[in-house]
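Everything below concerns the one structure shown next.
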Amino acid sequence: MLSNKKLLMVFLLIFALSTMIGCSSSVDTPSQEAVSEPVVTEPTESLLVYSGAGLRKPMDEIGQVFEEKYNIRIEYSYAGSAQNLSQIELTGQGDAWTPGDVYYGQAAQEKDLIVSMVDFAYHIPVIAVPKGNPSNIQSLEDMAAPGLKIVLGDPEAAAIGKTAKKMLTENGLYEAVSANTVATTATVNELLVYMSMKQADCTIIWEDNVQGVEDVEIIQIPEELNQIKTLPVCVLKTSEKLELAQQFADFVAGPEGKAIYEKHGFQVIE
């Protein structure tokens, strides 16, 4: 038989072991909630925004910033401004629109398609030539010299085409420049491709479109000969989300939207 002393030692040993097991089982383990990934909320609202093709860079950035700030996805339809207007009329869909010239916004107003319209930036035409300016074009008059290959925007489709036609007409150069025109394009971005690939001697394009393009140079057009346009943002009557559409328009025409446009080479309206 075990002595009382030995029984006491066995008892104490059993007590100590049971205490250690109890403590180890009570140690907190990380909860599933603590280690789970943060939940990313997908936007539950979206807006369909039409935009002139030449405004793609700033508008893409504005859409991204707007979604991050308000959790509203912006879905763009880019095309020439005349094409945008036709889409709005034919589909009866859309929430907002940024055409490449206020002229198209005014045309939409006359068709009773616009709830509101605010001008926020300038669109400045320039002459663009391939790097090195091999034909030595320095002015609008130089574009009338026989033998040049010129590309222009389609005046029936693109804001820059309509603007170039009016500018050349008012300066008495349209017929001579038309004789040199080898192609017209539906969007301003196609003009940039022609210049970058040296497939033409020059074009008339928006200054901001040439921002940061290494293979293209620009020649400024004197203000008295130029046709500087303004850019509006419009809220469309076709919208079923007028409050959100107006919020987007206010963002474009507000300080944050204008700062993005300035970043991409535009002059904004103060």
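Each chain of the structure tokens is named A, B, ... in the order shown, its residues numbered from 1; ligands are numbered from 1 in display order.
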Please, which residues of range 26-161 of chain A, numbered as in this document, come out helix (DSSP H, G or I) from DSSP, as a PDB file with C-alpha atoms, in the first residue's frame?
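Done, and the output landed in part-v1.pdb:
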ATOM      1  CA  GLN A  32     -12.749  32.724 -38.964  1.00  0.00           C
ATOM      2  CA  GLU A  33     -13.967  36.312 -39.052  1.00  0.00           C
ATOM      3  CA  ALA A  34     -10.580  37.662 -37.977  1.00  0.00           C
ATOM      4  CA  VAL A  35      -8.615  35.946 -40.755  1.00  0.00           C
ATOM      5  CA  ALA A  53     -13.929  59.362 -79.016  1.00  0.00           C
ATOM      6  CA  GLY A  54     -11.268  62.052 -78.591  1.00  0.00           C
ATOM      7  CA  LEU A  55     -12.150  62.407 -74.898  1.00  0.00           C
ATOM      8  CA  ARG A  56     -11.458  58.779 -74.046  1.00  0.00           C
ATOM      9  CA  LYS A  57      -8.358  59.245 -71.869  1.00  0.00           C
ATOM     10  CA  PRO A  58      -9.779  61.778 -69.393  1.00  0.00           C
ATOM     11  CA  MET A  59     -13.222  60.155 -69.399  1.00  0.00           C
ATOM     12  CA  ASP A  60     -11.820  56.692 -68.648  1.00  0.00           C
ATOM     13  CA  GLU A  61      -9.959  58.128 -65.663  1.00  0.00           C
ATOM     14  CA  ILE A  62     -13.005  60.072 -64.501  1.00  0.00           C
ATOM     15  CA  GLY A  63     -15.087  56.889 -64.673  1.00  0.00           C
ATOM     16  CA  GLN A  64     -12.563  55.010 -62.540  1.00  0.00           C
ATOM     17  CA  VAL A  65     -12.301  57.763 -59.909  1.00  0.00           C
ATOM     18  CA  PHE A  66     -16.089  58.237 -59.816  1.00  0.00           C
ATOM     19  CA  GLU A  67     -16.684  54.520 -59.284  1.00  0.00           C
ATOM     20  CA  GLU A  68     -14.108  54.344 -56.484  1.00  0.00           C
ATOM     21  CA  LYS A  69     -15.647  57.347 -54.758  1.00  0.00           C
ATOM     22  CA  TYR A  70     -19.366  56.616 -55.175  1.00  0.00           C
ATOM     23  CA  SER A  81     -20.205  63.158 -81.651  1.00  0.00           C
ATOM     24  CA  ALA A  82     -22.701  62.928 -84.528  1.00  0.00           C
ATOM     25  CA  GLN A  83     -22.775  59.162 -84.098  1.00  0.00           C
ATOM     26  CA  ASN A  84     -23.395  59.579 -80.360  1.00  0.00           C
ATOM     27  CA  LEU A  85     -26.339  61.869 -81.070  1.00  0.00           C
ATOM     28  CA  SER A  86     -27.823  59.339 -83.486  1.00  0.00           C
ATOM     29  CA  GLN A  87     -27.393  56.547 -80.916  1.00  0.00           C
ATOM     30  CA  ILE A  88     -29.203  58.583 -78.264  1.00  0.00           C
ATOM     31  CA  GLU A  89     -32.099  59.301 -80.627  1.00  0.00           C
ATOM     32  CA  LEU A  90     -32.410  55.766 -81.995  1.00  0.00           C
ATOM     33  CA  THR A  91     -31.999  53.779 -78.776  1.00  0.00           C
ATOM     34  CA  VAL A 102     -21.055  72.269 -77.620  1.00  0.00           C
ATOM     35  CA  TYR A 103     -22.695  72.439 -81.066  1.00  0.00           C
ATOM     36  CA  TYR A 104     -23.877  68.845 -80.651  1.00  0.00           C
ATOM     37  CA  GLY A 105     -25.235  69.539 -77.190  1.00  0.00           C
ATOM     38  CA  GLN A 106     -27.193  72.461 -78.595  1.00  0.00           C
ATOM     39  CA  ALA A 107     -28.507  70.246 -81.386  1.00  0.00           C
ATOM     40  CA  ALA A 108     -29.660  67.750 -78.755  1.00  0.00           C
ATOM     41  CA  GLN A 109     -31.344  70.569 -76.828  1.00  0.00           C
ATOM     42  CA  GLU A 110     -33.295  71.504 -79.941  1.00  0.00           C
ATOM     43  CA  GLU A 141      -2.046  78.148 -95.930  1.00  0.00           C
ATOM     44  CA  ASP A 142       0.721  75.567 -96.334  1.00  0.00           C
ATOM     45  CA  MET A 143      -1.933  72.827 -96.294  1.00  0.00           C
ATOM     46  CA  ALA A 144      -3.221  74.172 -99.616  1.00  0.00           C
ATOM     47  CA  ALA A 159     -16.556  67.175 -84.121  1.00  0.00           C
ATOM     48  CA  ILE A 160     -12.987  67.803 -85.324  1.00  0.00           C
ATOM     49  CA  GLY A 161     -14.106  67.229 -88.931  1.00  0.00           C
TER      50      GLY A 161
END
Step one, run DSSP on the backbone; step two, keep only residues of range 92-246 of chain A assigned to strand (DSSP E); then write them as an MDAnalysis selection string. chainID A and resid 96:98 114:123 125:130 150:153 181:185 203:206 216:219 229:236
Grab the residues selected above and save them as a PDB file, in the first residue's frame with C-alpha atoms.
ATOM      1  CA  ALA A  96     -25.119  61.439 -69.722  1.00  0.00           C
ATOM      2  CA  TRP A  97     -23.045  62.630 -72.673  1.00  0.00           C
ATOM      3  CA  THR A  98     -19.822  64.543 -73.287  1.00  0.00           C
ATOM      4  CA  ILE A 114     -31.215  67.288 -72.745  1.00  0.00           C
ATOM      5  CA  VAL A 115     -32.125  67.988 -69.115  1.00  0.00           C
ATOM      6  CA  SER A 116     -29.042  70.078 -68.344  1.00  0.00           C
ATOM      7  CA  MET A 117     -25.765  71.092 -70.003  1.00  0.00           C
ATOM      8  CA  VAL A 118     -22.629  72.720 -68.542  1.00  0.00           C
ATOM      9  CA  ASP A 119     -19.463  73.787 -70.404  1.00  0.00           C
ATOM     10  CA  PHE A 120     -16.300  72.806 -68.553  1.00  0.00           C
ATOM     11  CA  ALA A 121     -13.251  72.813 -70.898  1.00  0.00           C
ATOM     12  CA  TYR A 122     -11.899  74.065 -74.224  1.00  0.00           C
ATOM     13  CA  HIS A 123     -11.134  71.989 -77.307  1.00  0.00           C
ATOM     14  CA  PRO A 125      -7.576  72.581 -82.899  1.00  0.00           C
ATOM     15  CA  VAL A 126      -3.947  72.399 -84.080  1.00  0.00           C
ATOM     16  CA  ILE A 127      -2.153  71.185 -87.189  1.00  0.00           C
ATOM     17  CA  ALA A 128      -0.463  67.824 -86.595  1.00  0.00           C
ATOM     18  CA  VAL A 129       2.422  66.483 -88.692  1.00  0.00           C
ATOM     19  CA  PRO A 130       4.632  63.376 -88.498  1.00  0.00           C
ATOM     20  CA  ILE A 150      -3.926  65.264 -95.992  1.00  0.00           C
ATOM     21  CA  VAL A 151      -6.372  63.403 -93.766  1.00  0.00           C
ATOM     22  CA  LEU A 152      -9.261  65.145 -92.021  1.00  0.00           C
ATOM     23  CA  GLY A 153     -12.110  64.183 -89.736  1.00  0.00           C
ATOM     24  CA  THR A 181      -7.395  65.210 -98.818  1.00  0.00           C
ATOM     25  CA  VAL A 182      -6.819  61.497 -99.330  1.00  0.00           C
ATOM     26  CA  ALA A 183      -9.038  60.216 -96.516  1.00  0.00           C
ATOM     27  CA  THR A 184     -11.574  61.271 -93.906  1.00  0.00           C
ATOM     28  CA  THR A 185     -12.171  59.473 -90.610  1.00  0.00           C
ATOM     29  CA  THR A 203      -4.110  66.822 -90.350  1.00  0.00           C
ATOM     30  CA  ILE A 204      -6.145  69.123 -88.142  1.00  0.00           C
ATOM     31  CA  ILE A 205      -6.672  67.580 -84.726  1.00  0.00           C
ATOM     32  CA  TRP A 206      -7.428  68.561 -81.132  1.00  0.00           C
ATOM     33  CA  VAL A 216       3.726  63.517 -83.917  1.00  0.00           C
ATOM     34  CA  GLU A 217       4.460  67.253 -83.795  1.00  0.00           C
ATOM     35  CA  ILE A 218       2.021  70.162 -83.670  1.00  0.00           C
ATOM     36  CA  ILE A 219       1.815  73.590 -85.261  1.00  0.00           C
ATOM     37  CA  LYS A 229     -14.616  74.939 -79.148  1.00  0.00           C
ATOM     38  CA  THR A 230     -16.044  74.266 -75.708  1.00  0.00           C
ATOM     39  CA  LEU A 231     -16.787  70.885 -74.187  1.00  0.00           C
ATOM     40  CA  PRO A 232     -20.093  70.366 -72.381  1.00  0.00           C
ATOM     41  CA  VAL A 233     -21.355  67.574 -70.166  1.00  0.00           C
ATOM     42  CA  CYS A 234     -25.052  66.838 -70.647  1.00  0.00           C
ATOM     43  CA  VAL A 235     -27.670  64.972 -68.629  1.00  0.00           C
ATOM     44  CA  LEU A 236     -30.011  63.107 -70.973  1.00  0.00           C
TER      45      LEU A 236
END
Exercise: Leu225 in chain A partners within 9 Å, only C-alpha atoms, chain neighbours under 5 positions left out, as a PDB file with C-alpha atoms, in the first residue's frame:
ATOM      1  CA  LEU A 140      -3.063  76.577 -92.619  1.00  0.00           C
ATOM      2  CA  MET A 167     -12.109  76.823 -90.165  1.00  0.00           C
ATOM      3  CA  LEU A 168     -10.781  76.134 -93.663  1.00  0.00           C
ATOM      4  CA  GLU A 170     -13.794  80.803 -93.332  1.00  0.00           C
ATOM      5  CA  ASN A 171     -10.112  81.186 -94.251  1.00  0.00           C
TER       6      ASN A 171
END
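Note that the spacing between CA of Tyr194 in chain A and CA of Val210 in chain A amounts to 12.3 Å.
Residues within 7 Å of range 178-180 of chain A, counting only C-alpha atoms and excluding same-chain residues fewer than 5 positions away, are Pro146, Gly147, Leu148, Lys149 and Ile150 of chain A.
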Preceding selection exported with C-alpha atoms as a compact mmCIF listing (two decimals), in the first residue's frame:
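Written file, again07.txt:
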# COMPACT_ATOMS: atom_id res chain seq x y z
CA PRO A 146 -0.47 71.09 -104.36
CA GLY A 147 0.75 67.53 -103.97
CA LEU A 148 0.27 67.09 -100.21
CA LYS A 149 -1.50 64.09 -98.68
CA ILE A 150 -3.93 65.26 -95.99
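Counting only C-alpha atoms and comparing A:Glu207, A:Glu42, A:Asp215, A:Asp201, the residue that lies closest to Gln267 in chain A is A:Glu207.
Across the model, the gap from CA of Gly92 in chain A to CA of Leu47 in chain A is 14.0 Å.
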Selection: 6 Å around Ile72 in chain A, only C-alpha atoms, excl. self and same-chain fewer than 5 positions, as a ChimeraX atom specification: /A:43,45-46,67
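In terms of minimum interatomic distance to Asn133 in chain A, A:Ser196 ranks closest within A:Asn226, A:Ser196, A:Gln93, A:Lys263, counting only C-alpha atoms.
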